[in-house]
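Quick look at final-v6.cif (mmCIF, C-alpha atoms and all ligand atoms):
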```cif
data_protein
loop_
_atom_site.label_atom_id
_atom_site.label_comp_id
_atom_site.auth_asym_id
_atom_site.auth_seq_id
_atom_site.Cartn_x
_atom_site.Cartn_y
_atom_site.Cartn_z
CA MET O 1 0.00 0.00 0.00
CA VAL O 2 1.31 3.44 -0.85
CA LYS O 3 -0.87 6.19 0.64
CA LYS O 4 -0.12 8.82 -1.95
CA ASN O 5 3.16 8.94 -3.70
CA ILE O 6 5.94 10.71 -1.88
CA LYS O 7 7.72 12.76 -4.50
CA ASN O 8 9.44 15.51 -2.57
CA TRP O 9 11.09 13.47 0.13
CA ASP O 10 14.61 13.75 -1.23
CA ASN O 11 14.04 16.67 -3.55
CA LYS O 12 16.66 19.29 -2.58
CA THR O 13 16.32 18.72 1.17
CA TRP O 14 19.01 17.81 3.74
CA LEU O 15 18.15 14.23 2.85
CA SER O 16 19.67 14.76 -0.58
CA SER O 17 22.62 16.86 0.63
CA LYS O 18 26.16 15.58 0.07
CA ASN O 19 26.79 15.81 3.80
CA TYR O 20 23.80 13.64 4.70
CA ILE O 21 24.48 11.04 2.02
CA ASN O 22 28.17 10.86 2.97
CA SER O 23 27.40 10.54 6.63
CA PHE O 24 24.77 7.86 6.01
CA ASN O 25 27.09 5.91 3.71
CA ASN O 26 29.94 6.12 6.22
CA PHE O 27 27.57 4.61 8.76
CA LEU O 28 26.83 1.73 6.35
CA ILE O 29 30.49 1.15 5.46
CA LYS O 30 31.62 1.23 9.08
CA ASN O 31 28.88 -1.00 10.47
CA PHE O 32 28.50 -3.50 7.65
CA LYS O 33 32.02 -3.74 6.25
CA ILE O 34 30.79 -3.18 2.72
CA ASN O 35 33.33 -3.89 -0.01
CA SER O 36 33.40 -3.53 -3.79
CA ARG O 37 32.07 -7.06 -4.34
CA PHE O 38 28.83 -6.42 -2.44
CA LYS O 39 25.53 -6.89 -4.24
CA ILE O 40 23.08 -4.33 -2.89
CA LEU O 41 19.33 -3.87 -3.22
CA ASP O 42 17.46 -0.74 -2.14
CA ILE O 43 13.72 -1.03 -1.54
CA GLY O 44 11.97 2.35 -1.92
CA CYS O 45 15.14 3.96 -3.26
CA GLY O 46 13.58 7.31 -4.28
CA ARG O 47 16.08 9.03 -6.58
CA GLY O 48 18.73 6.43 -5.69
CA LYS O 49 21.28 9.05 -4.65
CA ILE O 50 22.39 7.17 -1.53
CA LEU O 51 23.40 3.99 -3.29
CA GLY O 52 24.65 5.88 -6.33
CA SER O 53 27.07 7.73 -4.12
CA LEU O 54 27.99 4.56 -2.19
CA SER O 55 28.71 2.84 -5.47
CA SER O 56 31.27 5.51 -6.44
CA LYS O 57 32.74 5.68 -2.95
CA ILE O 58 33.59 1.99 -2.67
CA LYS O 59 33.78 1.29 -6.40
CA LEU O 60 31.10 -1.38 -6.46
CA LYS O 61 31.79 -3.92 -9.21
CA GLU O 62 28.07 -4.32 -9.86
CA LYS O 63 25.56 -1.48 -9.98
CA PRO O 64 23.18 -1.62 -7.00
CA LEU O 65 19.54 -2.33 -7.79
CA GLY O 66 16.98 0.26 -6.69
CA ILE O 67 13.24 -0.37 -6.60
CA ASP O 68 10.64 2.36 -6.38
CA ILE O 69 7.04 2.85 -7.38
CA VAL O 70 7.87 6.38 -8.57
CA ASN O 71 10.16 6.80 -11.54
CA HIS O 72 11.91 10.15 -10.99
CA LYS O 73 13.38 11.79 -14.07
CA ASP O 74 16.46 12.87 -12.15
CA LYS O 75 17.31 9.52 -10.58
CA ASP O 76 20.92 8.49 -10.10
CA LYS O 77 22.56 6.91 -13.14
CA ARG O 78 24.92 4.81 -11.04
CA ILE O 79 22.15 2.41 -10.02
CA ASN O 80 20.02 -0.03 -11.97
CA PHE O 81 16.47 1.11 -11.41
CA LYS O 82 13.27 -0.87 -11.59
CA ARG O 83 9.95 0.92 -11.34
CA THR O 84 7.56 -1.41 -9.57
CA ASN O 85 5.49 -1.84 -6.47
CA VAL O 86 7.86 -3.76 -4.25
CA LEU O 87 4.97 -5.92 -3.11
CA GLU O 88 4.78 -7.25 -6.66
CA LEU O 89 8.51 -7.58 -7.07
CA SER O 90 9.70 -10.93 -8.30
CA LEU O 91 13.41 -11.56 -8.11
CA LYS O 92 15.11 -14.61 -9.58
CA LYS O 93 15.62 -17.38 -7.02
CA ASN O 94 19.37 -17.38 -7.58
CA GLU O 95 19.73 -13.60 -7.36
CA LYS O 96 21.34 -13.13 -3.95
CA PHE O 97 22.20 -9.84 -2.25
CA ASP O 98 24.71 -9.09 0.50
CA LEU O 99 22.81 -6.06 1.69
CA ILE O 100 19.15 -5.12 1.34
CA LEU O 101 18.33 -1.59 2.39
CA ILE O 102 14.79 -0.50 3.32
CA LYS O 103 15.18 3.12 4.38
CA GLN O 104 12.19 5.10 5.64
CA THR O 105 9.78 3.07 3.53
CA ILE O 106 8.48 0.23 5.71
CA HIS O 107 5.96 2.48 7.51
CA LEU O 108 4.14 3.01 4.22
CA MET O 109 3.08 -0.63 4.10
CA LYS O 110 0.43 -2.71 5.85
CA PHE O 111 1.46 -5.23 8.50
CA ASN O 112 0.74 -8.30 6.38
CA GLU O 113 2.57 -6.70 3.45
CA ILE O 114 5.66 -6.13 5.60
CA LYS O 115 5.58 -9.75 6.78
CA LYS O 116 5.33 -11.02 3.23
CA LEU O 117 7.99 -8.68 1.92
CA LEU O 118 10.56 -9.59 4.58
CA LYS O 119 9.92 -13.30 4.14
CA SER O 120 10.42 -13.02 0.41
CA LEU O 121 13.51 -10.76 0.68
CA LYS O 122 15.12 -13.26 3.06
CA LYS O 123 15.12 -15.76 0.19
CA ASN O 124 17.24 -13.40 -1.89
CA LEU O 125 19.77 -12.74 0.84
CA ASN O 126 23.24 -14.34 0.89
CA SER O 127 23.83 -16.56 3.90
CA ASN O 128 25.92 -13.86 5.63
CA GLY O 129 23.97 -10.92 4.19
CA SER O 130 21.77 -8.45 6.08
CA ILE O 131 18.48 -6.66 5.64
CA LEU O 132 18.65 -3.16 7.12
CA ILE O 133 15.45 -1.38 8.03
CA PHE O 134 15.85 2.29 8.84
CA THR O 135 12.95 4.18 10.35
CA LEU O 136 12.49 7.40 12.30
CA ASP O 137 13.46 7.13 15.95
CA THR O 138 10.08 7.04 17.67
CA GLU O 139 11.43 8.01 21.12
CA LYS O 140 14.00 10.77 20.72
CA ASN O 141 12.75 12.48 17.62
CA GLU O 142 13.59 16.15 17.11
CA ILE O 143 11.84 16.89 13.80
CA PRO O 144 10.46 20.46 13.88
CA THR O 145 6.68 20.30 13.77
CA PHE O 146 3.52 22.32 14.14
CA LYS O 147 0.76 21.14 16.49
CA LEU O 148 -1.27 19.04 14.06
CA MET O 149 1.87 17.62 12.43
CA LYS O 150 3.14 16.54 15.86
CA GLN O 151 -0.17 14.80 16.61
CA LYS O 152 -0.06 12.96 13.30
CA LEU O 153 3.61 12.12 13.72
CA ASN O 154 2.95 10.69 17.18
CA GLN O 155 0.11 8.58 15.80
CA SER O 156 2.40 7.20 13.14
CA PHE O 157 5.09 6.53 15.76
CA GLN O 158 2.58 4.39 17.68
CA ARG O 159 2.04 2.39 14.51
CA ASP O 160 5.82 2.22 13.86
CA LYS O 161 6.31 0.77 17.34
CA LYS O 162 3.79 -1.95 16.54
CA ILE O 163 5.61 -2.68 13.29
CA LEU O 164 8.90 -3.01 15.16
CA ARG O 165 7.33 -5.33 17.73
CA MET O 166 5.92 -7.48 14.94
CA ILE O 167 9.33 -7.69 13.23
CA LYS O 168 10.96 -8.57 16.54
CA ASN O 169 8.45 -11.37 17.08
CA LEU O 170 9.13 -12.73 13.61
CA TYR O 171 12.91 -12.34 13.83
CA PRO O 172 13.89 -12.45 17.52
CA HIS O 173 17.62 -12.10 16.78
CA ILE O 174 17.47 -8.64 15.29
CA ILE O 175 20.13 -6.12 16.26
CA LYS O 176 19.33 -2.44 16.77
CA LYS O 177 21.61 0.51 15.99
CA SER O 178 21.04 4.22 15.66
CA PHE O 179 22.01 6.84 13.13
CA SER O 180 21.87 10.55 13.78
CA PHE O 181 22.53 13.53 11.51
CA ASN O 182 22.93 17.14 12.64
CA VAL O 183 20.62 19.22 10.49
CA LYS O 184 21.09 22.96 10.02
CA ILE O 185 18.49 24.47 7.72
CA THR O 186 17.03 27.92 7.22
CA LYS O 187 13.43 28.30 8.33
CA LYS O 188 12.64 29.48 4.81
CA LYS O 189 13.84 26.20 3.30
CA TYR O 190 12.10 24.13 5.96
CA LEU O 191 8.82 25.94 5.31
CA ASN O 192 9.25 25.09 1.67
CA MET O 193 9.70 21.41 2.58
CA ILE O 194 6.50 21.55 4.64
CA GLN O 195 4.65 23.10 1.71
CA ASN O 196 6.03 20.32 -0.50
CA ARG O 197 4.75 17.76 2.06
CA TYR O 198 8.19 16.19 2.36
CA ILE O 199 7.12 13.63 4.97
CA SER O 200 4.23 11.13 4.69
CA THR O 201 2.41 12.58 7.74
CA LEU O 202 1.83 15.79 5.77
CA ILE O 203 0.36 14.16 2.69
CA PRO O 204 -3.27 13.83 3.88
CA LEU O 205 -3.43 17.40 5.31
CA SER O 206 -5.55 20.02 3.57
CA LYS O 207 -4.09 23.17 2.01
CA LYS O 208 -5.54 25.18 4.88
CA GLN O 209 -3.94 22.91 7.52
CA ILE O 210 -0.57 23.19 5.79
CA SER O 211 -0.90 26.95 5.58
CA GLN O 212 -1.80 27.22 9.30
CA GLY O 213 1.11 24.91 10.07
CA THR O 214 3.60 27.07 8.20
CA GLN O 215 2.38 30.11 10.16
CA GLU O 216 2.95 28.22 13.41
CA ILE O 217 6.48 27.20 12.34
CA GLU O 218 7.14 30.81 11.30
CA LYS O 219 6.28 32.01 14.82
CA ARG O 220 7.76 29.18 16.85
CA TYR O 221 11.24 28.80 15.33
CA LYS O 222 14.27 31.06 14.78
CA SER O 223 15.51 31.83 11.28
CA VAL O 224 17.88 28.84 11.34
CA LEU O 225 16.69 25.45 12.58
CA ARG O 226 19.15 23.04 14.17
CA PHE O 227 18.13 19.55 15.19
CA LYS O 228 19.13 15.91 15.00
CA ASP O 229 17.49 13.69 12.39
CA LYS O 230 17.52 10.39 14.26
CA LEU O 231 16.90 6.99 12.77
CA ILE O 232 16.89 3.55 14.23
CA CYS O 233 18.37 0.71 12.20
CA ILE O 234 17.01 -2.81 12.60
CA ILE O 235 19.30 -5.51 11.28
CA LEU O 236 17.81 -8.81 10.18
C1 LIG O 301 10.16 8.34 2.48
S1 LIG O 301 10.75 7.84 0.93
C2 LIG O 301 12.39 7.24 1.29
C3 LIG O 301 13.31 7.26 0.10
C4 LIG O 301 14.72 6.75 0.34
N1 LIG O 301 14.73 5.37 0.80
C5 LIG O 301 15.46 7.63 1.33
O1 LIG O 301 15.54 7.25 2.50
O2 LIG O 301 15.90 8.72 0.95
C6 LIG O 301 9.83 6.37 0.63
C7 LIG O 301 10.02 5.82 -0.76
O3 LIG O 301 9.41 4.54 -0.85
C8 LIG O 301 8.71 4.44 -2.09
N2 LIG O 301 7.66 3.40 -1.91
C9 LIG O 301 6.68 3.39 -1.01
N3 LIG O 301 5.95 2.27 -1.11
C10 LIG O 301 6.48 1.55 -2.12
C11 LIG O 301 6.16 0.30 -2.73
N4 LIG O 301 5.12 -0.43 -2.30
N5 LIG O 301 6.91 -0.14 -3.74
C12 LIG O 301 7.97 0.59 -4.18
N6 LIG O 301 8.32 1.78 -3.65
C13 LIG O 301 7.59 2.27 -2.64
C14 LIG O 301 8.18 5.85 -2.31
O4 LIG O 301 7.86 6.11 -3.66
C15 LIG O 301 9.38 6.69 -1.82
O5 LIG O 301 10.31 6.95 -2.85
#
```
As structure tokens, please, write out the structure in this file.
Amino acid sequence: MVKKNIKNWDNKTWLSSKNYINSFNNFLIKNFKINSRFKILDIGCGRGKILGSLSSKIKLKEKPLGIDIVNHKDKDKRINFKRTNVLELSLKKNEKFDLILIKQTIHLMKFNEIKKLLKSLKKNLNSNGSILIFTLDTEKNEIPTFKLMKQKLNQSFQRDKKILRMIKNLYPHIIKKSFSFNVKITKKKYLNMIQNRYISTLIPLSKKQISQGTQEIEKRYKSVLRFKDKLICIIL
């Protein structure tokens, strides 16, 4: 299930900045000892900038494969891209990956879809490979919000917690790590991100709610916003 397509997530935001991508990729390299022979799959890859950059950084022998339901015109050329709903993805039995990345995408699916997806991805994982699920830290989140956005975000965190419990029940040996990025962004740019509904919680809001929200952010925050974008990483 995809609520409505998320198109502006990594469109000129800190999430597409060189700094963020570098810092995220350093986290991957350090924690998962990725080398040039790794076969990597990215589920919900967006524009594929993360793996594109990783590919150059460690000189991957094989282009990583990125899957997304949206085919962005400006996607990264250093990945092989397949436009499909991941729930309908069929990979060859003998196609094995060393690393499968699911970054900030799992929360967009239903519980039974997640179960099915993980079970099927496991079959395409090398014996010593890992599936990495990154999702917003539900406890120590610092994302700047307005009142309604915070309410919606908290509701989705409750759901995320249930998803994590379900995954833990299915795969009791999961390991948990955390990733944090120091964001510094002008209020002007952040307001633009809000107007572009950069995060899935904002997608169902009406124009009026978004406009009220931007006024609240305008009043509540200084001209430069500094906060930590915190993710948890579940390793299967
Ligand atoms: C919040 S974005 C995260 C993008 C990227 N992983 C990142 O962290 O920068 C979620 C992405 O998942 C994609 N997506 C959501 N549900 C999907 C599905 N069922 N099949 C394929 N892609 C999906 C969306 O189109 C979007 O690009």
Between O:Asn182, O:Thr105, O:Ser23, O:Ser55, which one has atoms that come closest to O:Glu142, using all atoms listed in the file?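 That would be O:Asn182, the residue with the smallest distance to O:Glu142.
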How would you write, as JSON, numbers by chain, the set of residues no farther than 9 Å from ligand LIG 301 (chain O) when counting only C-alpha atoms and all ligand atoms? {"O": [1, 2, 3, 4, 5, 6, 7, 8, 9, 10, 15, 16, 21, 42, 43, 44, 45, 46, 47, 48, 49, 50, 67, 68, 69, 70, 71, 72, 83, 84, 85, 86, 87, 88, 89, 101, 102, 103, 104, 105, 106, 107, 108, 109, 113, 134, 135, 198, 199, 200]}
Rounded to one decimal in Å, what is the spacing between atom CA of O:Leu60 and atom CA of O:Lys119?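 Between these atoms lies a distance of 26.5 Å.
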Atom CA of O:Ser223 to atom CA of O:Phe157: how many Å, to one decimal?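 Separation of atom CA of O:Ser223 and atom CA of O:Phe157: 27.7 Å.
From atom CA of O:Asn169 back to atom CA of O:Lys39, the distance works out to 27.7 Å.
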Taking into account only C-alpha atoms, which residue in the set O:Gln155, O:Ile58, O:Asn126, O:Phe111 is nearest to O:Thr201? O:Gln155
Which of these residues is nearest to O:Lys93, using only C-alpha atoms: O:Lys61, O:Gly66, O:Asn124, O:Arg37?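 Of the candidates, the smallest distance to O:Lys93 is held by O:Asn124.
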Nearest residue to O:Gln209 out of O:Leu148, O:Leu51, O:Leu236, O:Ile40, using all atoms listed in the file?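 Distance minimum relative to O:Gln209 lands on O:Leu148.
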Smallest atom-to-atom distance to O:Lys187: which of O:Ser90, O:Asn128, O:Thr214, O:Asn26, using only C-alpha atoms?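 Smallest distance to O:Lys187 is found for O:Thr214.
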Non-local contacts of O:Ser127 (9 Å; all atoms listed in the file; under 3 positions in same chain excluded) as a PyMOL selection string: chain O and resi 96+98+130
With C-alpha atoms retained, output stretch 61-192 of chain O as an mmCIF file, in the first residue's frame.
```cif
data_model
loop_
_atom_site.group_PDB
_atom_site.id
_atom_site.type_symbol
_atom_site.label_atom_id
_atom_site.label_comp_id
_atom_site.auth_asym_id
_atom_site.auth_seq_id
_atom_site.Cartn_x
_atom_site.Cartn_y
_atom_site.Cartn_z
ATOM 1 C CA LYS O 61 31.788 -3.916 -9.207
ATOM 2 C CA GLU O 62 28.075 -4.323 -9.859
ATOM 3 C CA LYS O 63 25.563 -1.477 -9.978
ATOM 4 C CA PRO O 64 23.185 -1.621 -6.999
ATOM 5 C CA LEU O 65 19.541 -2.327 -7.787
ATOM 6 C CA GLY O 66 16.977 0.261 -6.688
ATOM 7 C CA ILE O 67 13.235 -0.365 -6.597
ATOM 8 C CA ASP O 68 10.637 2.363 -6.379
ATOM 9 C CA ILE O 69 7.045 2.854 -7.381
ATOM 10 C CA VAL O 70 7.872 6.384 -8.573
ATOM 11 C CA ASN O 71 10.162 6.801 -11.544
ATOM 12 C CA HIS O 72 11.909 10.147 -10.990
ATOM 13 C CA LYS O 73 13.385 11.789 -14.066
ATOM 14 C CA ASP O 74 16.465 12.870 -12.147
ATOM 15 C CA LYS O 75 17.308 9.520 -10.585
ATOM 16 C CA ASP O 76 20.920 8.490 -10.095
ATOM 17 C CA LYS O 77 22.560 6.912 -13.141
ATOM 18 C CA ARG O 78 24.921 4.809 -11.040
ATOM 19 C CA ILE O 79 22.150 2.410 -10.019
ATOM 20 C CA ASN O 80 20.019 -0.035 -11.965
ATOM 21 C CA PHE O 81 16.467 1.109 -11.405
ATOM 22 C CA LYS O 82 13.266 -0.865 -11.588
ATOM 23 C CA ARG O 83 9.950 0.916 -11.340
ATOM 24 C CA THR O 84 7.562 -1.410 -9.573
ATOM 25 C CA ASN O 85 5.486 -1.840 -6.467
ATOM 26 C CA VAL O 86 7.863 -3.762 -4.246
ATOM 27 C CA LEU O 87 4.970 -5.921 -3.106
ATOM 28 C CA GLU O 88 4.780 -7.249 -6.655
ATOM 29 C CA LEU O 89 8.510 -7.576 -7.072
ATOM 30 C CA SER O 90 9.704 -10.933 -8.303
ATOM 31 C CA LEU O 91 13.414 -11.560 -8.114
ATOM 32 C CA LYS O 92 15.106 -14.605 -9.580
ATOM 33 C CA LYS O 93 15.621 -17.376 -7.021
ATOM 34 C CA ASN O 94 19.370 -17.382 -7.582
ATOM 35 C CA GLU O 95 19.726 -13.603 -7.362
ATOM 36 C CA LYS O 96 21.339 -13.125 -3.947
ATOM 37 C CA PHE O 97 22.200 -9.837 -2.246
ATOM 38 C CA ASP O 98 24.714 -9.094 0.502
ATOM 39 C CA LEU O 99 22.808 -6.065 1.694
ATOM 40 C CA ILE O 100 19.152 -5.118 1.335
ATOM 41 C CA LEU O 101 18.330 -1.585 2.394
ATOM 42 C CA ILE O 102 14.791 -0.497 3.323
ATOM 43 C CA LYS O 103 15.176 3.117 4.382
ATOM 44 C CA GLN O 104 12.189 5.097 5.638
ATOM 45 C CA THR O 105 9.784 3.071 3.525
ATOM 46 C CA ILE O 106 8.480 0.230 5.706
ATOM 47 C CA HIS O 107 5.958 2.481 7.511
ATOM 48 C CA LEU O 108 4.140 3.012 4.216
ATOM 49 C CA MET O 109 3.077 -0.631 4.105
ATOM 50 C CA LYS O 110 0.435 -2.711 5.851
ATOM 51 C CA PHE O 111 1.456 -5.233 8.505
ATOM 52 C CA ASN O 112 0.739 -8.301 6.381
ATOM 53 C CA GLU O 113 2.572 -6.701 3.447
ATOM 54 C CA ILE O 114 5.659 -6.134 5.598
ATOM 55 C CA LYS O 115 5.580 -9.747 6.779
ATOM 56 C CA LYS O 116 5.329 -11.021 3.232
ATOM 57 C CA LEU O 117 7.989 -8.676 1.924
ATOM 58 C CA LEU O 118 10.562 -9.588 4.582
ATOM 59 C CA LYS O 119 9.919 -13.296 4.135
ATOM 60 C CA SER O 120 10.422 -13.024 0.408
ATOM 61 C CA LEU O 121 13.510 -10.761 0.675
ATOM 62 C CA LYS O 122 15.122 -13.256 3.060
ATOM 63 C CA LYS O 123 15.117 -15.758 0.191
ATOM 64 C CA ASN O 124 17.241 -13.396 -1.890
ATOM 65 C CA LEU O 125 19.775 -12.736 0.839
ATOM 66 C CA ASN O 126 23.238 -14.338 0.895
ATOM 67 C CA SER O 127 23.833 -16.562 3.903
ATOM 68 C CA ASN O 128 25.916 -13.863 5.629
ATOM 69 C CA GLY O 129 23.969 -10.921 4.191
ATOM 70 C CA SER O 130 21.766 -8.452 6.084
ATOM 71 C CA ILE O 131 18.479 -6.660 5.636
ATOM 72 C CA LEU O 132 18.653 -3.160 7.116
ATOM 73 C CA ILE O 133 15.447 -1.382 8.033
ATOM 74 C CA PHE O 134 15.848 2.294 8.835
ATOM 75 C CA THR O 135 12.951 4.175 10.350
ATOM 76 C CA LEU O 136 12.493 7.404 12.303
ATOM 77 C CA ASP O 137 13.455 7.134 15.951
ATOM 78 C CA THR O 138 10.080 7.043 17.675
ATOM 79 C CA GLU O 139 11.433 8.008 21.119
ATOM 80 C CA LYS O 140 13.997 10.770 20.721
ATOM 81 C CA ASN O 141 12.749 12.476 17.616
ATOM 82 C CA GLU O 142 13.594 16.152 17.110
ATOM 83 C CA ILE O 143 11.836 16.887 13.804
ATOM 84 C CA PRO O 144 10.456 20.456 13.875
ATOM 85 C CA THR O 145 6.684 20.304 13.766
ATOM 86 C CA PHE O 146 3.520 22.324 14.137
ATOM 87 C CA LYS O 147 0.758 21.135 16.494
ATOM 88 C CA LEU O 148 -1.269 19.040 14.060
ATOM 89 C CA MET O 149 1.867 17.620 12.430
ATOM 90 C CA LYS O 150 3.135 16.536 15.858
ATOM 91 C CA GLN O 151 -0.171 14.801 16.612
ATOM 92 C CA LYS O 152 -0.063 12.956 13.296
ATOM 93 C CA LEU O 153 3.607 12.118 13.717
ATOM 94 C CA ASN O 154 2.953 10.692 17.184
ATOM 95 C CA GLN O 155 0.106 8.582 15.799
ATOM 96 C CA SER O 156 2.399 7.200 13.137
ATOM 97 C CA PHE O 157 5.090 6.529 15.763
ATOM 98 C CA GLN O 158 2.582 4.386 17.675
ATOM 99 C CA ARG O 159 2.043 2.392 14.507
ATOM 100 C CA ASP O 160 5.820 2.216 13.864
ATOM 101 C CA LYS O 161 6.314 0.771 17.343
ATOM 102 C CA LYS O 162 3.794 -1.953 16.544
ATOM 103 C CA ILE O 163 5.606 -2.684 13.291
ATOM 104 C CA LEU O 164 8.899 -3.007 15.161
ATOM 105 C CA ARG O 165 7.328 -5.330 17.731
ATOM 106 C CA MET O 166 5.921 -7.477 14.935
ATOM 107 C CA ILE O 167 9.330 -7.688 13.234
ATOM 108 C CA LYS O 168 10.957 -8.573 16.543
ATOM 109 C CA ASN O 169 8.446 -11.368 17.076
ATOM 110 C CA LEU O 170 9.134 -12.729 13.610
ATOM 111 C CA TYR O 171 12.907 -12.344 13.832
ATOM 112 C CA PRO O 172 13.895 -12.449 17.523
ATOM 113 C CA HIS O 173 17.623 -12.101 16.783
ATOM 114 C CA ILE O 174 17.474 -8.645 15.289
ATOM 115 C CA ILE O 175 20.130 -6.116 16.259
ATOM 116 C CA LYS O 176 19.333 -2.441 16.765
ATOM 117 C CA LYS O 177 21.613 0.505 15.986
ATOM 118 C CA SER O 178 21.038 4.216 15.663
ATOM 119 C CA PHE O 179 22.008 6.839 13.129
ATOM 120 C CA SER O 180 21.874 10.550 13.780
ATOM 121 C CA PHE O 181 22.529 13.527 11.511
ATOM 122 C CA ASN O 182 22.926 17.143 12.644
ATOM 123 C CA VAL O 183 20.616 19.217 10.488
ATOM 124 C CA LYS O 184 21.087 22.956 10.022
ATOM 125 C CA ILE O 185 18.493 24.465 7.722
ATOM 126 C CA THR O 186 17.032 27.915 7.217
ATOM 127 C CA LYS O 187 13.433 28.299 8.330
ATOM 128 C CA LYS O 188 12.639 29.479 4.813
ATOM 129 C CA LYS O 189 13.836 26.199 3.297
ATOM 130 C CA TYR O 190 12.100 24.129 5.957
ATOM 131 C CA LEU O 191 8.821 25.937 5.314
ATOM 132 C CA ASN O 192 9.247 25.092 1.666
#
```
